[in-house]
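Student: Handing over coords-v4.cif, mmCIF, C-alpha atoms.
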```
data_entry
#
loop_
_atom_site.label_atom_id
_atom_site.label_comp_id
_atom_site.auth_asym_id
_atom_site.auth_seq_id
_atom_site.Cartn_x
_atom_site.Cartn_y
_atom_site.Cartn_z
CA MET A 82 -220.03 -112.67 -8.51
CA SER A 83 -223.20 -110.69 -8.97
CA ALA A 84 -226.13 -112.21 -10.74
CA VAL A 85 -226.26 -112.22 -14.53
CA THR A 86 -228.71 -109.58 -15.65
CA THR A 87 -230.69 -109.11 -18.79
CA THR A 88 -229.56 -106.48 -21.23
CA THR A 89 -231.07 -103.04 -21.03
CA GLY A 90 -232.53 -103.63 -24.50
CA ALA A 91 -234.45 -106.67 -23.28
CA ALA A 92 -235.73 -104.75 -20.27
CA PHE A 93 -236.71 -101.85 -22.56
CA ILE A 94 -238.71 -104.14 -24.82
CA ALA A 95 -240.29 -105.96 -21.87
CA THR A 96 -241.44 -102.65 -20.38
CA LEU A 97 -242.76 -101.45 -23.73
CA ARG A 98 -244.68 -104.69 -24.24
CA ARG A 99 -246.03 -104.61 -20.71
CA ASP A 100 -247.41 -101.11 -21.12
CA LEU A 101 -248.96 -101.94 -24.50
CA LEU A 102 -250.52 -105.03 -22.94
CA ILE A 103 -251.96 -102.97 -20.08
CA ALA A 104 -253.35 -100.48 -22.59
CA TYR A 105 -254.90 -103.31 -24.57
CA LYS A 106 -256.58 -104.62 -21.42
CA LYS A 107 -257.66 -101.21 -20.17
CA LYS A 108 -259.23 -100.04 -23.38
CA HIS A 109 -260.86 -96.95 -21.95
CA ASP A 110 -257.44 -95.39 -21.43
CA VAL A 111 -256.94 -95.67 -25.17
CA VAL A 112 -260.43 -94.76 -26.28
CA ASN A 113 -261.01 -91.77 -23.95
CA PRO A 114 -258.39 -89.36 -25.37
CA PHE A 115 -259.32 -90.39 -28.88
CA MET A 116 -263.03 -89.74 -28.30
CA PHE A 117 -262.17 -86.49 -26.55
CA PHE A 118 -260.22 -85.37 -29.62
CA LEU A 119 -263.17 -86.17 -31.88
CA ILE A 120 -265.66 -84.39 -29.59
CA VAL A 121 -263.61 -81.20 -29.22
CA ALA A 122 -262.97 -81.02 -32.94
CA THR A 123 -266.63 -81.53 -33.80
CA LEU A 124 -267.81 -78.89 -31.33
CA PHE A 125 -266.05 -76.08 -33.20
CA PRO A 126 -268.31 -76.11 -36.30
CA ILE A 127 -271.32 -76.08 -33.97
CA GLY A 128 -269.99 -73.33 -31.75
CA ILE A 129 -268.41 -71.00 -34.31
CA SER A 130 -269.90 -71.41 -37.71
CA PRO A 131 -270.66 -74.19 -40.15
CA GLU A 132 -269.53 -72.02 -43.09
CA PRO A 133 -266.78 -73.89 -44.94
CA GLU A 134 -264.59 -70.81 -45.48
CA ARG A 135 -264.47 -69.80 -41.82
CA LEU A 136 -263.91 -73.41 -40.72
CA GLY A 137 -261.06 -73.80 -43.16
CA GLU A 138 -259.31 -70.82 -41.62
CA ILE A 139 -259.37 -72.21 -38.11
CA ALA A 140 -259.10 -75.93 -38.96
CA ALA A 141 -255.36 -76.29 -38.35
CA GLY A 142 -255.54 -74.53 -34.99
CA VAL A 143 -258.55 -76.57 -33.93
CA LEU A 144 -256.80 -79.83 -34.79
CA TRP A 145 -253.67 -78.84 -32.88
CA ILE A 146 -255.50 -77.58 -29.80
CA ALA A 147 -257.71 -80.67 -29.72
CA ALA A 148 -254.62 -82.87 -30.01
CA LEU A 149 -252.91 -80.95 -27.21
CA LEU A 150 -255.93 -81.27 -24.92
CA ALA A 151 -256.31 -84.96 -25.73
CA ALA A 152 -252.64 -85.50 -24.87
CA MET A 153 -253.14 -83.66 -21.56
CA LEU A 154 -256.16 -85.79 -20.75
CA SER A 155 -254.33 -89.03 -21.41
CA MET A 156 -251.15 -88.14 -19.55
CA ASP A 157 -252.42 -88.93 -16.08
CA SER A 158 -252.66 -92.65 -16.77
CA LEU A 159 -248.96 -92.80 -17.63
CA TYR A 160 -247.61 -93.48 -14.12
CA ARG A 161 -250.70 -93.48 -11.91
CA SER A 162 -251.51 -97.19 -11.72
CA ASP A 163 -247.82 -98.10 -11.55
CA PHE A 164 -247.40 -95.71 -8.66
CA GLU A 165 -250.42 -97.12 -6.85
CA ASP A 166 -249.57 -100.80 -7.22
CA GLY A 167 -245.84 -100.47 -6.55
CA SER A 168 -244.62 -101.36 -10.04
CA LEU A 169 -242.97 -97.96 -10.22
CA GLU A 170 -240.75 -98.84 -7.27
CA GLN A 171 -239.79 -102.06 -9.01
CA LEU A 172 -238.88 -100.04 -12.09
CA LEU A 173 -236.71 -97.69 -10.02
CA LEU A 174 -234.97 -100.67 -8.41
CA SER A 175 -234.14 -102.39 -11.67
CA PRO A 176 -230.44 -102.53 -12.51
CA HIS A 177 -231.08 -100.75 -15.82
CA PRO A 178 -230.81 -97.02 -16.51
CA LEU A 179 -234.13 -95.43 -15.63
CA TYR A 180 -233.82 -93.25 -18.74
CA PHE A 181 -234.58 -96.20 -21.02
CA MET A 182 -237.37 -97.54 -18.82
CA VAL A 183 -239.07 -94.13 -18.83
CA LEU A 184 -238.51 -93.83 -22.57
CA ALA A 185 -240.18 -97.23 -23.10
CA LYS A 186 -243.19 -96.11 -21.10
CA ASN A 187 -243.37 -92.81 -23.00
CA ILE A 188 -243.21 -94.55 -26.36
CA ALA A 189 -245.90 -97.04 -25.36
CA HIS A 190 -248.03 -94.16 -24.15
CA TRP A 191 -247.67 -92.26 -27.40
CA LEU A 192 -248.45 -95.36 -29.47
CA VAL A 193 -251.78 -95.84 -27.71
CA SER A 194 -252.84 -92.22 -27.13
CA GLY A 195 -250.98 -90.03 -29.62
CA LEU A 196 -250.80 -92.15 -32.74
CA PRO A 197 -254.59 -92.76 -33.06
CA VAL A 198 -255.14 -88.99 -32.94
CA VAL A 199 -252.55 -88.45 -35.66
CA LEU A 200 -254.06 -91.16 -37.83
CA VAL A 201 -257.61 -89.81 -37.59
CA SER A 202 -256.56 -86.18 -38.08
CA PRO A 203 -256.95 -86.15 -41.90
CA LEU A 204 -260.55 -87.24 -41.47
CA ILE A 205 -261.27 -84.44 -39.00
CA ALA A 206 -259.39 -82.06 -41.29
CA TYR A 207 -261.77 -83.03 -44.09
CA MET A 208 -264.72 -82.40 -41.81
CA LEU A 209 -263.35 -78.95 -40.94
CA ASN A 210 -262.78 -78.15 -44.60
CA LEU A 211 -259.02 -77.73 -44.29
CA PRO A 212 -257.54 -76.47 -47.58
CA ASP A 213 -256.19 -79.36 -49.64
CA GLU A 214 -252.57 -78.20 -49.69
CA ALA A 215 -252.39 -78.22 -45.87
CA TYR A 216 -253.27 -81.88 -45.31
CA LEU A 217 -249.73 -83.13 -45.47
CA ALA A 218 -248.52 -80.31 -43.23
CA VAL A 219 -251.12 -81.04 -40.55
CA PHE A 220 -250.47 -84.75 -40.64
CA LEU A 221 -246.68 -84.45 -40.50
CA THR A 222 -246.61 -81.76 -37.85
CA LEU A 223 -248.93 -83.79 -35.64
CA LEU A 224 -246.88 -86.92 -36.29
CA ILE A 225 -243.70 -85.18 -35.13
CA GLY A 226 -245.33 -82.91 -32.56
CA THR A 227 -247.48 -85.29 -30.50
CA PRO A 228 -244.52 -87.41 -29.31
CA VAL A 229 -242.99 -84.19 -27.99
CA LEU A 230 -246.22 -83.51 -26.08
CA SER A 231 -246.07 -87.01 -24.58
CA LEU A 232 -242.41 -86.69 -23.60
CA LEU A 233 -242.86 -83.25 -22.02
CA GLY A 234 -246.12 -84.21 -20.34
CA SER A 235 -244.38 -87.18 -18.78
CA ILE A 236 -242.23 -84.80 -16.71
CA GLY A 237 -245.30 -83.08 -15.27
CA VAL A 238 -247.02 -86.38 -14.51
CA ALA A 239 -243.89 -87.78 -12.88
CA LEU A 240 -243.79 -84.75 -10.60
CA THR A 241 -247.47 -84.82 -9.66
CA VAL A 242 -248.32 -88.53 -9.56
CA GLY A 243 -247.69 -88.71 -5.82
CA LEU A 244 -250.00 -85.83 -4.98
CA GLY A 245 -253.43 -86.71 -3.68
CA SER A 246 -255.47 -83.99 -5.36
CA ARG A 247 -253.83 -82.88 -8.57
CA GLY A 248 -256.54 -80.80 -10.16
CA LEU A 249 -255.10 -78.25 -12.54
CA ILE A 250 -251.51 -78.50 -11.40
CA LEU A 251 -250.59 -80.91 -14.18
CA ALA A 252 -251.88 -78.47 -16.79
CA VAL A 253 -250.05 -75.58 -15.11
CA ILE A 254 -246.76 -77.50 -15.27
CA THR A 255 -247.18 -79.03 -18.70
CA LEU A 256 -248.88 -76.37 -20.81
CA PRO A 257 -246.07 -73.79 -20.78
CA MET A 258 -243.69 -76.43 -22.07
CA SER A 259 -246.17 -77.50 -24.74
CA VAL A 260 -246.90 -74.04 -26.14
CA PRO A 261 -243.74 -73.85 -28.32
CA VAL A 262 -244.79 -77.11 -29.95
CA LEU A 263 -248.27 -75.74 -30.56
CA ILE A 264 -246.83 -72.57 -32.10
CA ALA A 265 -244.42 -74.44 -34.33
CA GLY A 266 -247.14 -76.83 -35.45
CA THR A 267 -249.77 -74.26 -36.30
CA MET A 268 -247.23 -71.86 -37.84
CA ALA A 269 -246.04 -74.63 -40.12
CA VAL A 270 -249.54 -75.17 -41.44
CA GLN A 271 -250.27 -71.44 -41.84
CA GLN A 272 -247.01 -70.78 -43.65
CA THR A 273 -247.55 -73.74 -45.96
CA LEU A 274 -250.90 -72.23 -46.91
CA ASN A 275 -249.07 -68.97 -47.67
CA GLY A 276 -246.76 -70.88 -50.00
CA ALA A 277 -243.68 -71.22 -47.80
CA PRO A 278 -241.76 -74.49 -47.89
CA LEU A 279 -242.85 -76.93 -45.18
CA LEU A 280 -239.42 -78.35 -44.57
CA GLY A 281 -238.09 -75.53 -42.39
CA TYR A 282 -240.88 -75.83 -39.85
CA LEU A 283 -240.64 -79.59 -39.88
CA ALA A 284 -236.97 -79.19 -39.07
CA ILE A 285 -237.85 -77.03 -36.05
CA LEU A 286 -240.36 -79.62 -34.85
CA GLY A 287 -237.87 -82.39 -35.53
CA ALA A 288 -235.27 -80.56 -33.44
CA LEU A 289 -237.84 -80.23 -30.64
CA LEU A 290 -238.53 -83.96 -30.88
CA LEU A 291 -234.86 -84.95 -30.79
CA GLY A 292 -234.15 -82.55 -27.96
CA SER A 293 -237.00 -83.84 -25.86
CA LEU A 294 -236.14 -87.47 -26.70
CA ALA A 295 -232.68 -86.87 -25.31
CA LEU A 296 -233.57 -84.77 -22.28
CA ALA A 297 -237.21 -85.25 -21.23
CA PRO A 298 -236.83 -88.88 -20.03
CA LEU A 299 -233.91 -87.78 -17.86
CA ALA A 300 -236.10 -85.13 -16.27
CA SER A 301 -238.96 -87.62 -15.89
CA ALA A 302 -236.63 -90.14 -14.26
CA ALA A 303 -235.36 -87.54 -11.79
CA ALA A 304 -238.93 -86.45 -11.07
CA LEU A 305 -240.00 -90.04 -10.45
CA ARG A 306 -237.21 -90.49 -7.94
CA ILE A 307 -238.35 -87.38 -6.11
CA THR A 308 -241.97 -88.53 -6.17
CA VAL A 309 -241.21 -91.97 -4.78
CA ASN A 310 -238.89 -90.53 -2.14
CA MET B 159 -206.63 -93.51 -1.38
CA SER B 160 -203.94 -96.18 -1.19
CA VAL B 161 -204.45 -96.48 2.57
CA ALA B 162 -208.11 -97.14 2.07
CA THR B 163 -207.38 -99.78 -0.55
CA THR B 164 -204.97 -101.57 1.76
CA ALA B 165 -207.54 -101.51 4.51
CA GLU B 166 -210.04 -102.92 2.09
CA SER B 167 -207.82 -105.74 0.95
CA GLU B 168 -206.98 -106.55 4.56
CA SER B 169 -210.63 -106.84 5.41
CA LEU B 170 -210.99 -109.00 2.30
CA ALA B 171 -208.24 -111.23 3.63
CA ASN B 172 -210.12 -111.50 6.90
CA SER B 173 -213.04 -112.59 4.72
CA LYS B 174 -216.56 -112.32 6.10
CA ILE B 175 -217.41 -109.02 4.50
CA PRO B 176 -221.02 -108.37 5.40
CA VAL B 177 -223.40 -108.48 2.47
CA LEU B 178 -225.00 -105.28 3.63
CA ALA B 179 -223.74 -102.91 6.27
CA ALA B 180 -224.97 -99.58 7.54
CA ARG B 181 -222.73 -97.09 9.30
CA ASP B 182 -224.01 -94.29 11.46
CA LEU B 183 -227.35 -93.88 9.76
CA TYR B 184 -229.38 -90.86 10.74
CA CYS B 185 -232.82 -89.99 9.57
CA GLU B 186 -235.36 -87.45 10.69
CA ARG B 187 -238.81 -86.79 9.42
CA ASP B 188 -240.96 -83.77 10.24
CA ASP B 189 -238.43 -82.61 12.86
CA ARG B 190 -238.62 -85.97 14.59
CA VAL B 191 -235.51 -88.14 14.71
CA LEU B 192 -236.45 -91.63 13.53
CA PHE B 193 -233.06 -93.13 14.24
CA GLN B 194 -229.49 -91.98 14.77
CA HIS B 195 -226.11 -93.69 15.06
CA LEU B 196 -227.72 -96.76 13.58
CA ASN B 197 -225.17 -99.45 12.73
CA PHE B 198 -225.77 -102.99 11.63
CA GLU B 199 -224.28 -105.72 9.52
CA LEU B 200 -226.04 -108.40 7.61
CA ASN B 201 -223.97 -111.41 6.65
CA ALA B 202 -224.61 -114.07 4.05
CA GLY B 203 -226.94 -116.72 5.44
CA GLN B 204 -228.60 -114.38 7.92
CA VAL B 205 -232.17 -113.29 8.37
CA LEU B 206 -232.48 -109.92 10.09
CA GLN B 207 -235.84 -108.93 11.50
CA ILE B 208 -236.38 -105.24 12.06
CA GLN B 209 -238.72 -104.58 14.96
CA GLY B 210 -240.33 -101.46 16.25
CA SER B 211 -243.66 -99.93 17.01
CA ASN B 212 -245.83 -98.31 14.36
CA GLY B 213 -244.19 -95.18 13.03
CA SER B 214 -240.77 -96.09 14.37
CA GLY B 215 -239.24 -95.90 10.88
CA LYS B 216 -239.05 -99.54 9.78
CA THR B 217 -240.36 -98.89 6.31
CA THR B 218 -238.29 -95.73 6.02
CA LEU B 219 -235.16 -97.68 6.92
CA LEU B 220 -235.88 -100.34 4.31
CA ARG B 221 -236.54 -97.72 1.65
CA ILE B 222 -233.31 -95.95 2.58
CA LEU B 223 -231.38 -99.19 2.23
CA CYS B 224 -232.96 -99.82 -1.18
CA GLY B 225 -232.15 -96.33 -2.38
CA LEU B 226 -235.80 -95.31 -2.75
CA ASN B 227 -235.40 -92.68 -0.06
CA ASP B 228 -232.38 -90.40 0.10
CA GLY B 229 -233.35 -88.28 3.10
CA TYR B 230 -230.69 -89.69 5.40
CA GLN B 231 -227.08 -89.25 6.50
CA GLY B 232 -224.53 -92.02 6.89
CA SER B 233 -223.23 -94.74 4.61
CA ILE B 234 -224.55 -98.03 3.30
CA PHE B 235 -222.13 -100.67 2.08
CA TRP B 236 -222.85 -103.50 -0.28
CA GLN B 237 -220.16 -106.17 0.10
CA GLY B 238 -217.77 -103.66 1.57
CA VAL B 239 -218.20 -100.95 -1.06
CA GLU B 240 -220.59 -98.04 -0.86
CA VAL B 241 -223.86 -98.75 -2.61
CA THR B 242 -223.80 -95.47 -4.52
CA GLU B 243 -220.55 -96.49 -6.22
CA GLN B 244 -221.89 -99.75 -7.61
CA ALA B 245 -225.62 -99.22 -7.95
CA GLU B 246 -225.95 -101.50 -10.95
CA GLN B 247 -224.48 -104.58 -9.24
CA PHE B 248 -226.46 -103.80 -6.11
CA TYR B 249 -229.77 -103.61 -7.95
CA ALA B 250 -229.00 -106.75 -9.92
CA ASP B 251 -228.75 -108.56 -6.59
CA LEU B 252 -231.62 -106.91 -4.74
CA LEU B 253 -235.23 -107.96 -4.48
CA TYR B 254 -237.55 -105.55 -2.71
CA ILE B 255 -241.19 -106.17 -1.88
CA GLY B 256 -242.85 -103.19 -0.26
CA HIS B 257 -246.30 -102.45 1.11
CA ARG B 258 -247.39 -101.98 -2.45
CA VAL B 259 -246.32 -105.30 -3.83
CA GLY B 260 -245.61 -104.29 -7.40
CA VAL B 261 -248.25 -106.47 -9.05
CA SER B 262 -250.28 -104.80 -11.77
CA LYS B 263 -253.95 -105.59 -11.25
CA VAL B 264 -254.74 -105.49 -14.94
CA LEU B 265 -252.18 -108.10 -15.91
CA THR B 266 -252.21 -111.78 -15.06
CA PRO B 267 -249.71 -113.27 -12.58
CA LEU B 268 -247.86 -114.79 -15.52
CA GLU B 269 -247.51 -111.44 -17.33
CA ASN B 270 -246.52 -109.67 -14.13
CA LEU B 271 -243.75 -112.14 -13.43
CA ARG B 272 -242.55 -112.16 -17.02
CA TRP B 273 -241.99 -108.44 -16.78
CA SER B 274 -240.42 -108.30 -13.33
CA SER B 275 -238.11 -111.19 -14.12
CA THR B 276 -236.93 -109.57 -17.35
CA LEU B 277 -235.82 -106.55 -15.36
CA GLN B 278 -233.27 -108.77 -13.60
CA GLN B 279 -232.89 -112.15 -15.24
CA ARG B 280 -235.18 -113.59 -17.85
CA VAL B 281 -236.65 -116.99 -17.07
CA ASP B 282 -238.72 -119.45 -19.09
CA ASP B 283 -242.48 -119.53 -18.72
CA ALA B 284 -242.13 -123.05 -17.32
CA VAL B 285 -240.16 -121.65 -14.37
CA ILE B 286 -242.84 -119.03 -13.77
CA TYR B 287 -245.62 -121.65 -13.91
CA GLN B 288 -243.69 -123.76 -11.41
CA ALA B 289 -243.11 -120.79 -9.08
CA LEU B 290 -246.80 -119.86 -9.20
CA CYS B 291 -247.68 -123.47 -8.45
CA ASP B 292 -245.26 -123.46 -5.51
CA VAL B 293 -246.87 -120.38 -3.96
CA GLY B 294 -250.30 -121.95 -4.30
CA LEU B 295 -251.59 -120.09 -7.33
CA ARG B 296 -251.99 -123.05 -9.62
CA GLY B 297 -254.93 -122.40 -11.93
CA PHE B 298 -254.71 -118.61 -11.46
CA GLU B 299 -251.82 -118.06 -13.87
CA GLU B 300 -254.06 -116.51 -16.53
CA SER B 301 -256.55 -114.66 -14.31
CA GLN B 302 -256.24 -110.90 -14.17
CA CYS B 303 -254.90 -109.90 -10.78
CA PHE B 304 -257.86 -107.71 -9.81
CA THR B 305 -259.90 -110.91 -9.59
CA LEU B 306 -257.46 -112.25 -6.97
CA SER B 307 -257.66 -111.53 -3.27
CA ALA B 308 -255.10 -109.36 -1.50
CA GLY B 309 -253.41 -112.47 -0.11
CA GLN B 310 -253.21 -114.02 -3.55
CA GLN B 311 -251.69 -110.85 -4.96
CA GLN B 312 -249.16 -110.99 -2.17
CA ARG B 313 -248.42 -114.56 -3.22
CA VAL B 314 -247.78 -113.38 -6.78
CA SER B 315 -245.09 -111.11 -5.39
CA LEU B 316 -243.72 -113.98 -3.31
CA ALA B 317 -243.34 -116.01 -6.50
CA ARG B 318 -240.71 -113.45 -7.45
CA LEU B 319 -238.64 -114.74 -4.55
CA LEU B 320 -238.50 -118.10 -6.28
CA ILE B 321 -237.59 -116.70 -9.67
CA SER B 322 -235.19 -113.89 -8.88
CA PRO B 323 -231.44 -114.53 -8.71
CA ALA B 324 -231.10 -111.77 -6.10
CA ARG B 325 -229.08 -112.57 -3.00
CA LEU B 326 -230.45 -109.78 -0.85
CA TRP B 327 -234.14 -109.79 -0.07
CA ILE B 328 -235.69 -106.72 1.52
CA LEU B 329 -239.25 -107.47 2.53
CA ASP B 330 -241.57 -104.93 4.12
CA GLU B 331 -244.36 -106.57 6.11
CA PRO B 332 -244.63 -109.57 3.80
CA PHE B 333 -246.85 -111.51 6.20
CA THR B 334 -249.74 -109.06 6.56
CA THR B 335 -252.24 -110.54 4.13
CA LEU B 336 -251.07 -114.16 4.13
CA ASP B 337 -253.05 -117.03 5.61
CA THR B 338 -251.39 -119.63 7.88
CA THR B 339 -250.20 -121.82 5.02
CA GLY B 340 -248.86 -118.70 3.34
CA VAL B 341 -246.97 -117.78 6.51
CA ASP B 342 -245.45 -121.26 6.68
CA LEU B 343 -244.50 -121.06 3.03
CA LEU B 344 -242.79 -117.69 3.41
CA GLU B 345 -240.90 -118.79 6.52
CA ARG B 346 -239.70 -121.83 4.60
CA LEU B 347 -238.59 -119.60 1.71
CA LEU B 348 -236.66 -117.32 4.07
CA GLN B 349 -235.00 -120.35 5.63
CA GLN B 350 -234.05 -121.85 2.27
CA HIS B 351 -232.68 -118.54 1.05
CA ALA B 352 -230.52 -118.15 4.15
CA ASP B 353 -229.28 -121.74 3.80
CA LYS B 354 -228.21 -121.01 0.24
CA GLY B 355 -226.12 -118.09 1.45
CA GLY B 356 -228.63 -115.34 0.77
CA ALA B 357 -229.44 -112.52 3.14
CA VAL B 358 -232.85 -111.30 4.21
CA LEU B 359 -234.01 -108.07 5.81
CA VAL B 360 -237.60 -108.24 6.91
CA THR B 361 -239.97 -106.11 8.94
CA THR B 362 -242.86 -107.86 10.60
CA HIS B 363 -244.82 -107.95 13.84
CA HIS B 364 -245.26 -111.65 13.34
CA SER B 365 -242.95 -113.82 15.52
CA LEU B 366 -240.74 -115.40 12.91
CA GLN B 367 -239.97 -119.10 13.27
CA VAL B 368 -236.59 -119.04 11.58
CA PRO B 369 -233.48 -120.49 13.24
CA ASP B 370 -230.55 -118.14 13.80
CA LEU B 371 -232.75 -115.07 13.49
CA GLN B 372 -231.09 -111.70 14.09
CA ARG B 373 -233.09 -108.83 15.47
CA LEU B 374 -232.78 -105.08 15.24
CA SER B 375 -235.06 -102.83 17.25
CA LEU B 376 -235.95 -99.30 16.25
CA GLY B 377 -237.46 -96.54 18.31
#
```
Translate the structure described by the file into C-alpha cells.

Tutor:
Amino acid sequence: MSAVTTTTGAAFIATLRRDLLIAYKKKHDVVNPFMFFLIVATLFPIGISPEPERLGEIAAGVLWIAALLAAMLSMDSLYRSDFEDGSLEQLLLSPHPLYFMVLAKNIAHWLVSGLPVVLVSPLIAYMLNLPDEAYLAVFLTLLIGTPVLSLLGSIGVALTVGLGSRGLILAVITLPMSVPVLIAGTMAVQQTLNGAPLLGYLAILGALLLGSLALAPLASAAALRITVN
Amino acid sequence: MSVATTAESESLANSKIPVLAARDLYCERDDRVLFQHLNFELNAGQVLQIQGSNGSGKTTLLRILCGLNDGYQGSIFWQGVEVTEQAEQFYADLLYIGHRVGVSKVLTPLENLRWSSTLQQRVDDAVIYQALCDVGLRGFEESQCFTLSAGQQQRVSLARLLISPARLWILDEPFTTLDTTGVDLLERLLQQHADKGGAVLVTTHHSLQVPDLQRLSLG
C-alpha cells in the first residue's frame, strides 16, 4: 500500500499560508510594488500638468499603467526564492496536481501585491481628480483585472526564473499578454464616463479572469517543469 | 495486453518486485553521453550508493529518476509499473533531497517542515519538534533559517526523513555540509530506513558505513 496522503485542498491551503507567511516576513516584497505604484502615479501631475481638468482626463490610464508596472515589478519574487532554495523542486515532486499548487502561489502573490494597489486606487484617483462617476469603474476593473495580470505574469516568471540574467525578457514575454487587460480596463472607464453601462466591460474582464484562472496555472506549471529540467 | 498482464502477475507470484528499477537508461548532455544501457534494481531494504567522478551524471540520474528531468530514453519502474503511469502513488512515496535542500531561509525550521509534511502527510507539531530535536536542532525550531549555518539547514531537510512516510529516499550528496555527528546520524537514519523495508538511493563521495550497501558506478 502506498502512503496515505493529504488532500489536495490541504496542500493548497498549506502552500497559500506558506507564501503569505513568507510575504509577511519579507515585507519589502509587499511594500516595494505598492510604493512603486504610488510613486509612478504621483509623478504624472508633476510631469504633465497639475491642472485638474487635464489630470482628470488621463487619471484612469495613469492608474492602470501604474498598476500594470507595479505588477510587473512584483512578479519576479513569485518563484525566485523557491527556485534558489529548492522548494520549487519539492513542490514539483508533491503528489498533488501542480495546477493547484501554482494557483495557490498566484493567489497569495495577488493578495500581497495586487490587492493593496486596488485598495489604495480610489485615493490616488482622488489625487488625480478622476471624475466622480468613474470611481466605481476604476476600482472594479482593477479588482478584476489585477488578478489576471498576476496569473499571466506567472507564466513569464516561470519561464525565466532559471535564467541568470533576465533583464527585460520578462517584460517582453508578459507585456503582450497584459495589453488586452489594459485595453479592457481603460476602455471600461472611458466608456462609463461617456455614459455607457459598465456591466458589459466588466463581463469582458470577468471572462478574461475566468479564462486565465482556468488556463494560466496550467501554462505556469508546464513552464516550471521546463525551467527545473 | 493480456500477455503483458500475465507476465506481470507471474512476476508478482515470484514476489520480490524491485521498489525501483531502471531499464536501458540513456542520457546525453551537450553531445556527451552521460550513460547508456544503464540497468539497475533497487529492492526494499537496500541502500544503493551511486558513485562516479564529478560530472559523471550522478545528479542527472537522480533527477531523471525523480521525474525532474525528462531528457532521457528508457523506462523507470516503480514496483513493477512504469512511473509515468502512476505518478501520484510514486510521488506520495518519494522523498527527494537535492543540492538545494528545499528549506526556505525566511521561514523557521518548524514552518518549513509544516509545509513540506502537508504536501505528503500532515503531522502534529509535536512530531516536528521531536524530529528537529533528533537531528540536533533543539532550540532552533523558531529561528529563521537564514540565521542557521549551511549544515544546520541541511539538518532541517534531514528532519524530513524522520517525518515523511515515503518509502523511497533519493538523496543527492546529503553528507556535504554535515559535521561528524551529523554524518553518524544520517548513516543511522539510512540504516534504520533500510531495516524498516525502505529503499535509499544516495550519491556521495563519502565512504558509507552501512551494512549490505549496494554500489553503482557511473562514467

Student: Neighbouring residues of range 90-94 of chain A were defined as those with any atom within 7 Å, considering all atoms listed in the file; residues of the same chain fewer than 6 positions away were excluded. Please report them as number ranges by chain.

Tutor: A: 181-182, 185; B: 276-277

Student: Restricting the output to C-alpha atoms, write the selected residues as an mmCIF file, keeping the file's coordinate frame.

Tutor:
```cif
data_model
loop_
_atom_site.group_PDB
_atom_site.id
_atom_site.type_symbol
_atom_site.label_atom_id
_atom_site.label_comp_id
_atom_site.auth_asym_id
_atom_site.auth_seq_id
_atom_site.Cartn_x
_atom_site.Cartn_y
_atom_site.Cartn_z
ATOM 1 C CA PHE A 181 -234.580 -96.200 -21.020
ATOM 2 C CA MET A 182 -237.370 -97.540 -18.820
ATOM 3 C CA ALA A 185 -240.180 -97.230 -23.100
ATOM 4 C CA THR B 276 -236.930 -109.570 -17.350
ATOM 5 C CA LEU B 277 -235.820 -106.550 -15.360
#
```

Student: Which one of A:Phe125, A:Phe115, A:Phe164, A:Tyr282 sits closest to Val143 in chain A if you count all atoms listed in the file?

Tutor: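 Comparing A:Phe125, A:Phe115, A:Phe164, A:Tyr282 against Val143 in chain A, the winner is A:Phe125.
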
Student: Could you expand the PyMOL selection byres ((chain B) within 7 of (chain A)) into the explicit residues it covers here, written as a list in words?

Tutor: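 Applying the expression gives Leu226, Asn227, Asp228, Glu246, Gln247, Tyr249, Ala250, Asp251, Arg258, Val259, Gly260, Val261, Ser262, Val264, Leu265, Trp273, Thr276, Leu277, Gln278, Gln279, Arg280, Pro323 and Ala324 of chain B.
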
Student: Would you put the residues from that selection into a file with C-alpha atoms, as a short mmCIF file (atom, residue, chain, number, x, y, z; two decimals), in the coordinates of the input?

Tutor:
```
data_model
loop_
_atom_site.label_atom_id
_atom_site.label_comp_id
_atom_site.auth_asym_id
_atom_site.auth_seq_id
_atom_site.Cartn_x
_atom_site.Cartn_y
_atom_site.Cartn_z
CA LEU B 226 -235.80 -95.31 -2.75
CA ASN B 227 -235.40 -92.68 -0.06
CA ASP B 228 -232.38 -90.40 0.10
CA GLU B 246 -225.95 -101.50 -10.95
CA GLN B 247 -224.48 -104.58 -9.24
CA TYR B 249 -229.77 -103.61 -7.95
CA ALA B 250 -229.00 -106.75 -9.92
CA ASP B 251 -228.75 -108.56 -6.59
CA ARG B 258 -247.39 -101.98 -2.45
CA VAL B 259 -246.32 -105.30 -3.83
CA GLY B 260 -245.61 -104.29 -7.40
CA VAL B 261 -248.25 -106.47 -9.05
CA SER B 262 -250.28 -104.80 -11.77
CA VAL B 264 -254.74 -105.49 -14.94
CA LEU B 265 -252.18 -108.10 -15.91
CA TRP B 273 -241.99 -108.44 -16.78
CA THR B 276 -236.93 -109.57 -17.35
CA LEU B 277 -235.82 -106.55 -15.36
CA GLN B 278 -233.27 -108.77 -13.60
CA GLN B 279 -232.89 -112.15 -15.24
CA ARG B 280 -235.18 -113.59 -17.85
CA PRO B 323 -231.44 -114.53 -8.71
CA ALA B 324 -231.10 -111.77 -6.10
#
```

Student: Which residues are close to range 247-263 of chain A, i.e. within 7 Å by all atoms listed in the file, leaving aside same-chain residues fewer than 6 positions away? Reply as a list in words.

Tutor: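 Once the nearby chain positions are removed, what remains is Trp145, Gly226, Leu230, Leu233, Gly234, Gly237, Val238 and Thr241 of chain A.
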
Student: With only C-alpha atoms counted, which protein, DNA or RNA residues have an atom no more than 12 Å from (-242.4, -122.0, 4.9) in the file frame? Please answer as a short mmCIF file (atom, residue, chain, number, x, y, z; two decimals) with C-alpha atoms, in the frame of the given file.

Tutor:
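Done, and the output landed in part_8.cif:
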```cif
data_model
loop_
_atom_site.label_atom_id
_atom_site.label_comp_id
_atom_site.auth_asym_id
_atom_site.auth_seq_id
_atom_site.Cartn_x
_atom_site.Cartn_y
_atom_site.Cartn_z
CA ASP B 292 -245.26 -123.46 -5.51
CA VAL B 293 -246.87 -120.38 -3.96
CA LEU B 316 -243.72 -113.98 -3.31
CA PHE B 333 -246.85 -111.51 6.20
CA LEU B 336 -251.07 -114.16 4.13
CA ASP B 337 -253.05 -117.03 5.61
CA THR B 338 -251.39 -119.63 7.88
CA THR B 339 -250.20 -121.82 5.02
CA GLY B 340 -248.86 -118.70 3.34
CA VAL B 341 -246.97 -117.78 6.51
CA ASP B 342 -245.45 -121.26 6.68
CA LEU B 343 -244.50 -121.06 3.03
CA LEU B 344 -242.79 -117.69 3.41
CA GLU B 345 -240.90 -118.79 6.52
CA ARG B 346 -239.70 -121.83 4.60
CA LEU B 347 -238.59 -119.60 1.71
CA LEU B 348 -236.66 -117.32 4.07
CA GLN B 349 -235.00 -120.35 5.63
CA GLN B 350 -234.05 -121.85 2.27
CA HIS B 351 -232.68 -118.54 1.05
CA LEU B 366 -240.74 -115.40 12.91
CA GLN B 367 -239.97 -119.10 13.27
CA VAL B 368 -236.59 -119.04 11.58
#
```
